[in-house]
Amino acid sequence: MHLLPLNLIRYLFVCKVNSTLVWLPSFPSIDLSLVLATIIADRLPTVQARPWHKALTSWGRNATSRIGKKRLERVPDVFWPIEAVLFPYPGKRTYGQGELILWELKLMGRSADHGLFLEVIMPAMEELGGLVAQWQPPNCLWGRFDIHSVCVARGPNWEPLVRDGKLDLRYKATPLQWSEGLTFGFHSRCVLDRLTWITPFDLVKDENRSSQQGKNRTSSCDVPSLRCMLDALMIRMSPLVLGKHNNPEDLWGLLGIENQLSFQDTMELSSHIPILHKELDSVPWHWPGRLIGTQTFATSIPDSIMPYLGLASMFHIGRHTHFGCGTFRIS
């Protein structure tokens, strides 16, 4: 499956605080998603704005009134009309003037379009930096930052797109450059048996449970086995490769006999690697995802599984991937 063309463009935003003090919400990507979607919907022509307004209705009436709230009744399975992941880098919640805040935008599948970024998302981010709105909570980041720089990933390296406030219009990001030179630890000489979830995850297949019940319920994927994670990867990849309303069976038929056999062998191998230890904690019920922490396997993860786990980490797996859930690192 790693031989399939998986479209992805990764943008790293470096935002510089220009106010005395700003506070980030406890889960920044929620507010970031709401505010950006609102700005984009207001900027686009009526016909193009309709799917954005439709996405905002998932939050109920007057979506922006929820911005800055300490608690939400629930985090909906909301999706922008484009396939995007908002991934603020872990950090502190209080920032002073001149400090930098980093977050990553990932455009995936058919939405991995540099033109879309330049024409729709970048202007919205510029507006967000100077935004003044009645619904803004005190000392929030919106309206109190400058875009210090923007970089685009090429393999493990970041290339400048915006530097000193100047956009390089000659730069052409492609949807496959993200993978150039990446090996995901293949043939590593180190023992790789520890998986640390960077963001919360929720790989439970029963998505109809109530939020409160779901946080306290146990199931087979509460401590995901490697097999469970590979299953989640297949579920994640099918709409990205084939478009919406496709399922893993459709993707499986696209792999070809050789790749099918290779992936079957990997799945079988992953089934025989038990979990030795876990330290997973429930996240607040009003956050996306369910659990976060670490898990250790009984043996080093085989080389043949590593590329698939690398894809799972890069593209995020499980529910609420739009908000950055479902990514991890292996050590």
# chains A, B, ... in the order shown; residues from 1 in each chain; ligands from 1
$ residues_around --residues "segment 25-35 of chain A" --least-positions-apart "4" --cutoff "10 Å" --atoms "only C-alpha atoms" --output "ChimeraX atom specification"
/A:39-41,55-56,59,63-71,75,78-80,84-90,92-94,103,124-125,128,131,136,140-142,284,286-288,322-325
$ residues_around --residues "Tyr308 of chain A" --least-positions-apart "2" --cutoff "12 Å" --atoms "only C-alpha atoms" --output "PyMOL selection string"
chain A and resi 1-4+183-186+226-227+229-234+236-237+262-263+266-267+270+301-306+310-317
$ closest_residue --among "A:Leu118, A:His277, A:Gly91, A:Leu242" --to "Leu255 of chain A" --atoms "only C-alpha atoms"
A:Leu242
$ residues_around --residues "Thr196 of chain A" --least-positions-apart "5" --cutoff "7 Å" --atoms "only C-alpha atoms" --output "list in words"
Gly293, Thr294, Gln295, Phe328, Arg329 and Ile330 of chain A
$ closest_residue --among "A:Val120, A:Leu12, A:Ile235, A:Leu192" --to "Asn157 of chain A" --atoms "only C-alpha atoms"
A:Leu12
$ select_by_dssp --residues "segment 58-240 of chain A" --states "alpha helix (DSSP H)" --output "PyMOL selection string"
chain A and resi 114-116+122-129+211-216+226-240
$ closest_residue --among "A:Leu21, A:Ala133, A:Cys15, A:Ala173" --to "Leu102 of chain A" --atoms "only C-alpha atoms"
A:Cys15
$ residues_around --residues "Asp250 of chain A" --least-positions-apart "4" --cutoff "10 Å" --atoms "only C-alpha atoms" --output "list in words"
Ser238, Pro239, Val241, Leu242, His245, Asn246, Leu254 and Leu255 of chain A
$ residues_around --residues "Gly326 of chain A" --least-positions-apart "6" --cutoff "8 Å" --atoms "only C-alpha atoms" --output "number ranges by chain"
A: 197-202, 289, 313, 316-320
$ write_last_selection --atoms "N, CA, C and O atoms" --output "PDB file, in the first residue's frame"
ATOM      1  N   TRP A 197       1.524   8.405  21.860  1.00  0.00           N
ATOM      2  CA  TRP A 197       0.503   9.176  21.166  1.00  0.00           C
ATOM      3  C   TRP A 197       0.739  10.663  21.430  1.00  0.00           C
ATOM      4  O   TRP A 197       0.693  11.116  22.568  1.00  0.00           O
ATOM      5  N   ILE A 198       1.003  11.417  20.372  1.00  0.00           N
ATOM      6  CA  ILE A 198       1.244  12.856  20.498  1.00  0.00           C
ATOM      7  C   ILE A 198      -0.067  13.602  20.715  1.00  0.00           C
ATOM      8  O   ILE A 198      -0.121  14.611  21.423  1.00  0.00           O
ATOM      9  N   THR A 199      -1.122  13.114  20.090  1.00  0.00           N
ATOM     10  CA  THR A 199      -2.455  13.684  20.254  1.00  0.00           C
ATOM     11  C   THR A 199      -3.411  12.569  20.676  1.00  0.00           C
ATOM     12  O   THR A 199      -3.110  11.385  20.505  1.00  0.00           O
ATOM     13  N   PRO A 200      -4.566  12.922  21.215  1.00  0.00           N
ATOM     14  CA  PRO A 200      -5.531  11.883  21.606  1.00  0.00           C
ATOM     15  C   PRO A 200      -5.956  11.042  20.412  1.00  0.00           C
ATOM     16  O   PRO A 200      -5.910  11.488  19.265  1.00  0.00           O
ATOM     17  N   PHE A 201      -6.384   9.824  20.695  1.00  0.00           N
ATOM     18  CA  PHE A 201      -6.848   8.934  19.630  1.00  0.00           C
ATOM     19  C   PHE A 201      -8.167   8.300  20.045  1.00  0.00           C
ATOM     20  O   PHE A 201      -8.509   8.221  21.230  1.00  0.00           O
ATOM     21  N   ASP A 202      -8.893   7.847  19.047  1.00  0.00           N
ATOM     22  CA  ASP A 202     -10.136   7.115  19.274  1.00  0.00           C
ATOM     23  C   ASP A 202     -10.304   6.150  18.108  1.00  0.00           C
ATOM     24  O   ASP A 202     -10.775   6.529  17.040  1.00  0.00           O
ATOM     25  N   GLY A 289     -11.120  12.851  20.445  1.00  0.00           N
ATOM     26  CA  GLY A 289     -10.303  11.721  20.861  1.00  0.00           C
ATOM     27  C   GLY A 289     -10.781  11.169  22.195  1.00  0.00           C
ATOM     28  O   GLY A 289     -11.728  11.670  22.804  1.00  0.00           O
ATOM     29  N   SER A 313       0.927   7.508  11.190  1.00  0.00           N
ATOM     30  CA  SER A 313       1.279   8.682  11.978  1.00  0.00           C
ATOM     31  C   SER A 313       1.188   9.950  11.133  1.00  0.00           C
ATOM     32  O   SER A 313       0.714  10.989  11.596  1.00  0.00           O
ATOM     33  N   HIS A 316      -2.628  10.465  10.231  1.00  0.00           N
ATOM     34  CA  HIS A 316      -3.527  10.409  11.382  1.00  0.00           C
ATOM     35  C   HIS A 316      -4.591   9.330  11.167  1.00  0.00           C
ATOM     36  O   HIS A 316      -5.056   9.132  10.047  1.00  0.00           O
ATOM     37  N   ILE A 317      -4.980   8.662  12.235  1.00  0.00           N
ATOM     38  CA  ILE A 317      -5.949   7.571  12.134  1.00  0.00           C
ATOM     39  C   ILE A 317      -7.017   7.715  13.214  1.00  0.00           C
ATOM     40  O   ILE A 317      -6.810   8.374  14.235  1.00  0.00           O
ATOM     41  N   GLY A 318      -8.144   7.063  12.989  1.00  0.00           N
ATOM     42  CA  GLY A 318      -9.238   7.087  13.946  1.00  0.00           C
ATOM     43  C   GLY A 318     -10.189   8.243  13.703  1.00  0.00           C
ATOM     44  O   GLY A 318     -10.265   8.792  12.602  1.00  0.00           O
ATOM     45  N   ARG A 319     -10.913   8.623  14.737  1.00  0.00           N
ATOM     46  CA  ARG A 319     -11.874   9.720  14.643  1.00  0.00           C
ATOM     47  C   ARG A 319     -11.194  11.062  14.897  1.00  0.00           C
ATOM     48  O   ARG A 319     -10.132  11.141  15.490  1.00  0.00           O
ATOM     49  N   HIS A 320     -11.840  12.130  14.419  1.00  0.00           N
ATOM     50  CA  HIS A 320     -11.423  13.507  14.673  1.00  0.00           C
ATOM     51  C   HIS A 320     -10.021  13.809  14.162  1.00  0.00           C
ATOM     52  O   HIS A 320      -9.290  14.607  14.762  1.00  0.00           O
TER      53      HIS A 320
END
$ residues_around --residues "Arg144 of chain A" --least-positions-apart "6" --cutoff "6 Å" --atoms "only C-alpha atoms" --output "list of chain:residue names"
A:Val17, A:Asn18, A:Ser19, A:Gly129
$ select_by_dssp --residues "segment 35-258 of chain A" --states "strand (DSSP E or B)" --output "ChimeraX atom specification"
/A:84-88,94-96,100-108,140,145-154,157-163,166-167,194-197,201
$ decode --residues "segment 250-283 of chain A" --atoms "N, CA, C and O atoms" --output "PDB file, in the first residue's frame"
ATOM      1  N   ASP A 250     -12.693  -1.368  -1.493  1.00  0.00           N
ATOM      2  CA  ASP A 250     -12.386  -0.730  -2.772  1.00  0.00           C
ATOM      3  C   ASP A 250     -10.886  -0.475  -2.910  1.00  0.00           C
ATOM      4  O   ASP A 250     -10.302  -0.678  -3.977  1.00  0.00           O
ATOM      5  N   LEU A 251     -10.270  -0.032  -1.818  1.00  0.00           N
ATOM      6  CA  LEU A 251      -8.824   0.205  -1.842  1.00  0.00           C
ATOM      7  C   LEU A 251      -8.062  -1.101  -2.014  1.00  0.00           C
ATOM      8  O   LEU A 251      -7.059  -1.152  -2.735  1.00  0.00           O
ATOM      9  N   TRP A 252      -8.538  -2.145  -1.358  1.00  0.00           N
ATOM     10  CA  TRP A 252      -7.870  -3.447  -1.442  1.00  0.00           C
ATOM     11  C   TRP A 252      -7.797  -3.929  -2.885  1.00  0.00           C
ATOM     12  O   TRP A 252      -6.772  -4.443  -3.331  1.00  0.00           O
ATOM     13  N   GLY A 253      -8.864  -3.731  -3.637  1.00  0.00           N
ATOM     14  CA  GLY A 253      -8.864  -4.159  -5.027  1.00  0.00           C
ATOM     15  C   GLY A 253      -7.905  -3.375  -5.891  1.00  0.00           C
ATOM     16  O   GLY A 253      -7.493  -3.851  -6.952  1.00  0.00           O
ATOM     17  N   LEU A 254      -7.504  -2.197  -5.433  1.00  0.00           N
ATOM     18  CA  LEU A 254      -6.584  -1.358  -6.205  1.00  0.00           C
ATOM     19  C   LEU A 254      -5.125  -1.731  -5.976  1.00  0.00           C
ATOM     20  O   LEU A 254      -4.253  -1.359  -6.767  1.00  0.00           O
ATOM     21  N   LEU A 255      -4.864  -2.471  -4.903  1.00  0.00           N
ATOM     22  CA  LEU A 255      -3.480  -2.733  -4.527  1.00  0.00           C
ATOM     23  C   LEU A 255      -2.748  -3.639  -5.501  1.00  0.00           C
ATOM     24  O   LEU A 255      -1.540  -3.517  -5.679  1.00  0.00           O
ATOM     25  N   GLY A 256      -3.442  -4.592  -6.112  1.00  0.00           N
ATOM     26  CA  GLY A 256      -2.758  -5.573  -6.946  1.00  0.00           C
ATOM     27  C   GLY A 256      -2.322  -6.769  -6.114  1.00  0.00           C
ATOM     28  O   GLY A 256      -2.154  -6.670  -4.889  1.00  0.00           O
ATOM     29  N   ILE A 257      -2.121  -7.902  -6.772  1.00  0.00           N
ATOM     30  CA  ILE A 257      -1.830  -9.155  -6.069  1.00  0.00           C
ATOM     31  C   ILE A 257      -0.568  -9.064  -5.218  1.00  0.00           C
ATOM     32  O   ILE A 257      -0.553  -9.480  -4.048  1.00  0.00           O
ATOM     33  N   GLU A 258       0.495  -8.517  -5.768  1.00  0.00           N
ATOM     34  CA  GLU A 258       1.768  -8.483  -5.043  1.00  0.00           C
ATOM     35  C   GLU A 258       1.661  -7.662  -3.766  1.00  0.00           C
ATOM     36  O   GLU A 258       2.104  -8.100  -2.690  1.00  0.00           O
ATOM     37  N   ASN A 259       1.061  -6.479  -3.865  1.00  0.00           N
ATOM     38  CA  ASN A 259       0.908  -5.642  -2.678  1.00  0.00           C
ATOM     39  C   ASN A 259      -0.092  -6.241  -1.696  1.00  0.00           C
ATOM     40  O   ASN A 259       0.057  -6.095  -0.480  1.00  0.00           O
ATOM     41  N   GLN A 260      -1.119  -6.917  -2.206  1.00  0.00           N
ATOM     42  CA  GLN A 260      -2.076  -7.571  -1.315  1.00  0.00           C
ATOM     43  C   GLN A 260      -1.395  -8.641  -0.478  1.00  0.00           C
ATOM     44  O   GLN A 260      -1.594  -8.728   0.742  1.00  0.00           O
ATOM     45  N   LEU A 261      -0.571  -9.463  -1.118  1.00  0.00           N
ATOM     46  CA  LEU A 261       0.141 -10.521  -0.400  1.00  0.00           C
ATOM     47  C   LEU A 261       1.101  -9.938   0.622  1.00  0.00           C
ATOM     48  O   LEU A 261       1.216 -10.438   1.749  1.00  0.00           O
ATOM     49  N   SER A 262       1.798  -8.873   0.235  1.00  0.00           N
ATOM     50  CA  SER A 262       2.740  -8.228   1.152  1.00  0.00           C
ATOM     51  C   SER A 262       2.024  -7.664   2.372  1.00  0.00           C
ATOM     52  O   SER A 262       2.474  -7.845   3.511  1.00  0.00           O
ATOM     53  N   PHE A 263       0.883  -7.021   2.127  1.00  0.00           N
ATOM     54  CA  PHE A 263       0.148  -6.429   3.249  1.00  0.00           C
ATOM     55  C   PHE A 263      -0.478  -7.515   4.118  1.00  0.00           C
ATOM     56  O   PHE A 263      -0.534  -7.379   5.350  1.00  0.00           O
ATOM     57  N   GLN A 264      -0.936  -8.602   3.528  1.00  0.00           N
ATOM     58  CA  GLN A 264      -1.474  -9.722   4.308  1.00  0.00           C
ATOM     59  C   GLN A 264      -0.402 -10.295   5.230  1.00  0.00           C
ATOM     60  O   GLN A 264      -0.673 -10.609   6.400  1.00  0.00           O
ATOM     61  N   ASP A 265       0.810 -10.444   4.708  1.00  0.00           N
ATOM     62  CA  ASP A 265       1.908 -10.940   5.537  1.00  0.00           C
ATOM     63  C   ASP A 265       2.188  -9.985   6.696  1.00  0.00           C
ATOM     64  O   ASP A 265       2.451 -10.425   7.827  1.00  0.00           O
ATOM     65  N   THR A 266       2.142  -8.684   6.413  1.00  0.00           N
ATOM     66  CA  THR A 266       2.381  -7.690   7.459  1.00  0.00           C
ATOM     67  C   THR A 266       1.299  -7.742   8.524  1.00  0.00           C
ATOM     68  O   THR A 266       1.578  -7.662   9.723  1.00  0.00           O
ATOM     69  N   MET A 267       0.053  -7.869   8.090  1.00  0.00           N
ATOM     70  CA  MET A 267      -1.049  -7.968   9.038  1.00  0.00           C
ATOM     71  C   MET A 267      -0.911  -9.208   9.916  1.00  0.00           C
ATOM     72  O   MET A 267      -1.131  -9.167  11.129  1.00  0.00           O
ATOM     73  N   GLU A 268      -0.532 -10.319   9.323  1.00  0.00           N
ATOM     74  CA  GLU A 268      -0.356 -11.552  10.079  1.00  0.00           C
ATOM     75  C   GLU A 268       0.766 -11.400  11.096  1.00  0.00           C
ATOM     76  O   GLU A 268       0.632 -11.814  12.262  1.00  0.00           O
ATOM     77  N   LEU A 269       1.870 -10.789  10.682  1.00  0.00           N
ATOM     78  CA  LEU A 269       2.990 -10.573  11.581  1.00  0.00           C
ATOM     79  C   LEU A 269       2.586  -9.666  12.742  1.00  0.00           C
ATOM     80  O   LEU A 269       2.956  -9.904  13.903  1.00  0.00           O
ATOM     81  N   SER A 270       1.822  -8.610  12.439  1.00  0.00           N
ATOM     82  CA  SER A 270       1.423  -7.663  13.480  1.00  0.00           C
ATOM     83  C   SER A 270       0.519  -8.309  14.529  1.00  0.00           C
ATOM     84  O   SER A 270       0.452  -7.847  15.672  1.00  0.00           O
ATOM     85  N   SER A 271      -0.173  -9.376  14.150  1.00  0.00           N
ATOM     86  CA  SER A 271      -1.092 -10.041  15.074  1.00  0.00           C
ATOM     87  C   SER A 271      -0.370 -10.801  16.176  1.00  0.00           C
ATOM     88  O   SER A 271      -0.989 -11.191  17.179  1.00  0.00           O
ATOM     89  N   HIS A 272       0.928 -11.031  16.006  1.00  0.00           N
ATOM     90  CA  HIS A 272       1.679 -11.855  16.958  1.00  0.00           C
ATOM     91  C   HIS A 272       2.606 -11.024  17.835  1.00  0.00           C
ATOM     92  O   HIS A 272       3.531 -11.573  18.442  1.00  0.00           O
ATOM     93  N   ILE A 273       2.371  -9.716  17.901  1.00  0.00           N
ATOM     94  CA  ILE A 273       3.212  -8.854  18.735  1.00  0.00           C
ATOM     95  C   ILE A 273       2.348  -8.274  19.846  1.00  0.00           C
ATOM     96  O   ILE A 273       1.600  -7.310  19.629  1.00  0.00           O
ATOM     97  N   PRO A 274       2.404  -8.849  21.044  1.00  0.00           N
ATOM     98  CA  PRO A 274       1.528  -8.391  22.134  1.00  0.00           C
ATOM     99  C   PRO A 274       2.005  -7.072  22.741  1.00  0.00           C
ATOM    100  O   PRO A 274       3.153  -6.661  22.576  1.00  0.00           O
ATOM    101  N   ILE A 275       1.107  -6.436  23.447  1.00  0.00           N
ATOM    102  CA  ILE A 275       1.424  -5.212  24.184  1.00  0.00           C
ATOM    103  C   ILE A 275       1.925  -5.599  25.571  1.00  0.00           C
ATOM    104  O   ILE A 275       1.286  -6.362  26.299  1.00  0.00           O
ATOM    105  N   LEU A 276       3.088  -5.104  25.941  1.00  0.00           N
ATOM    106  CA  LEU A 276       3.715  -5.448  27.216  1.00  0.00           C
ATOM    107  C   LEU A 276       3.265  -4.519  28.341  1.00  0.00           C
ATOM    108  O   LEU A 276       3.042  -4.961  29.470  1.00  0.00           O
ATOM    109  N   HIS A 277       3.134  -3.236  28.043  1.00  0.00           N
ATOM    110  CA  HIS A 277       2.838  -2.250  29.085  1.00  0.00           C
ATOM    111  C   HIS A 277       2.103  -1.075  28.455  1.00  0.00           C
ATOM    112  O   HIS A 277       2.305  -0.754  27.289  1.00  0.00           O
ATOM    113  N   LYS A 278       1.251  -0.434  29.255  1.00  0.00           N
ATOM    114  CA  LYS A 278       0.535   0.743  28.752  1.00  0.00           C
ATOM    115  C   LYS A 278       0.396   1.780  29.853  1.00  0.00           C
ATOM    116  O   LYS A 278       0.296   1.455  31.045  1.00  0.00           O
ATOM    117  N   GLU A 279       0.434   3.040  29.468  1.00  0.00           N
ATOM    118  CA  GLU A 279       0.144   4.170  30.349  1.00  0.00           C
ATOM    119  C   GLU A 279      -0.722   5.138  29.546  1.00  0.00           C
ATOM    120  O   GLU A 279      -0.235   6.090  28.941  1.00  0.00           O
ATOM    121  N   LEU A 280      -2.021   4.865  29.521  1.00  0.00           N
ATOM    122  CA  LEU A 280      -2.970   5.655  28.743  1.00  0.00           C
ATOM    123  C   LEU A 280      -3.977   6.301  29.683  1.00  0.00           C
ATOM    124  O   LEU A 280      -4.513   5.648  30.576  1.00  0.00           O
ATOM    125  N   ASP A 281      -4.220   7.596  29.450  1.00  0.00           N
ATOM    126  CA  ASP A 281      -5.159   8.345  30.271  1.00  0.00           C
ATOM    127  C   ASP A 281      -6.299   8.873  29.411  1.00  0.00           C
ATOM    128  O   ASP A 281      -6.103   9.230  28.233  1.00  0.00           O
ATOM    129  N   SER A 282      -7.485   8.954  29.998  1.00  0.00           N
ATOM    130  CA  SER A 282      -8.626   9.548  29.311  1.00  0.00           C
ATOM    131  C   SER A 282      -8.434  11.057  29.207  1.00  0.00           C
ATOM    132  O   SER A 282      -7.936  11.699  30.139  1.00  0.00           O
ATOM    133  N   VAL A 283      -8.824  11.622  28.084  1.00  0.00           N
ATOM    134  CA  VAL A 283      -8.774  13.070  27.917  1.00  0.00           C
ATOM    135  C   VAL A 283     -10.104  13.653  28.401  1.00  0.00           C
ATOM    136  O   VAL A 283     -11.088  12.929  28.575  1.00  0.00           O
TER     137      VAL A 283
END
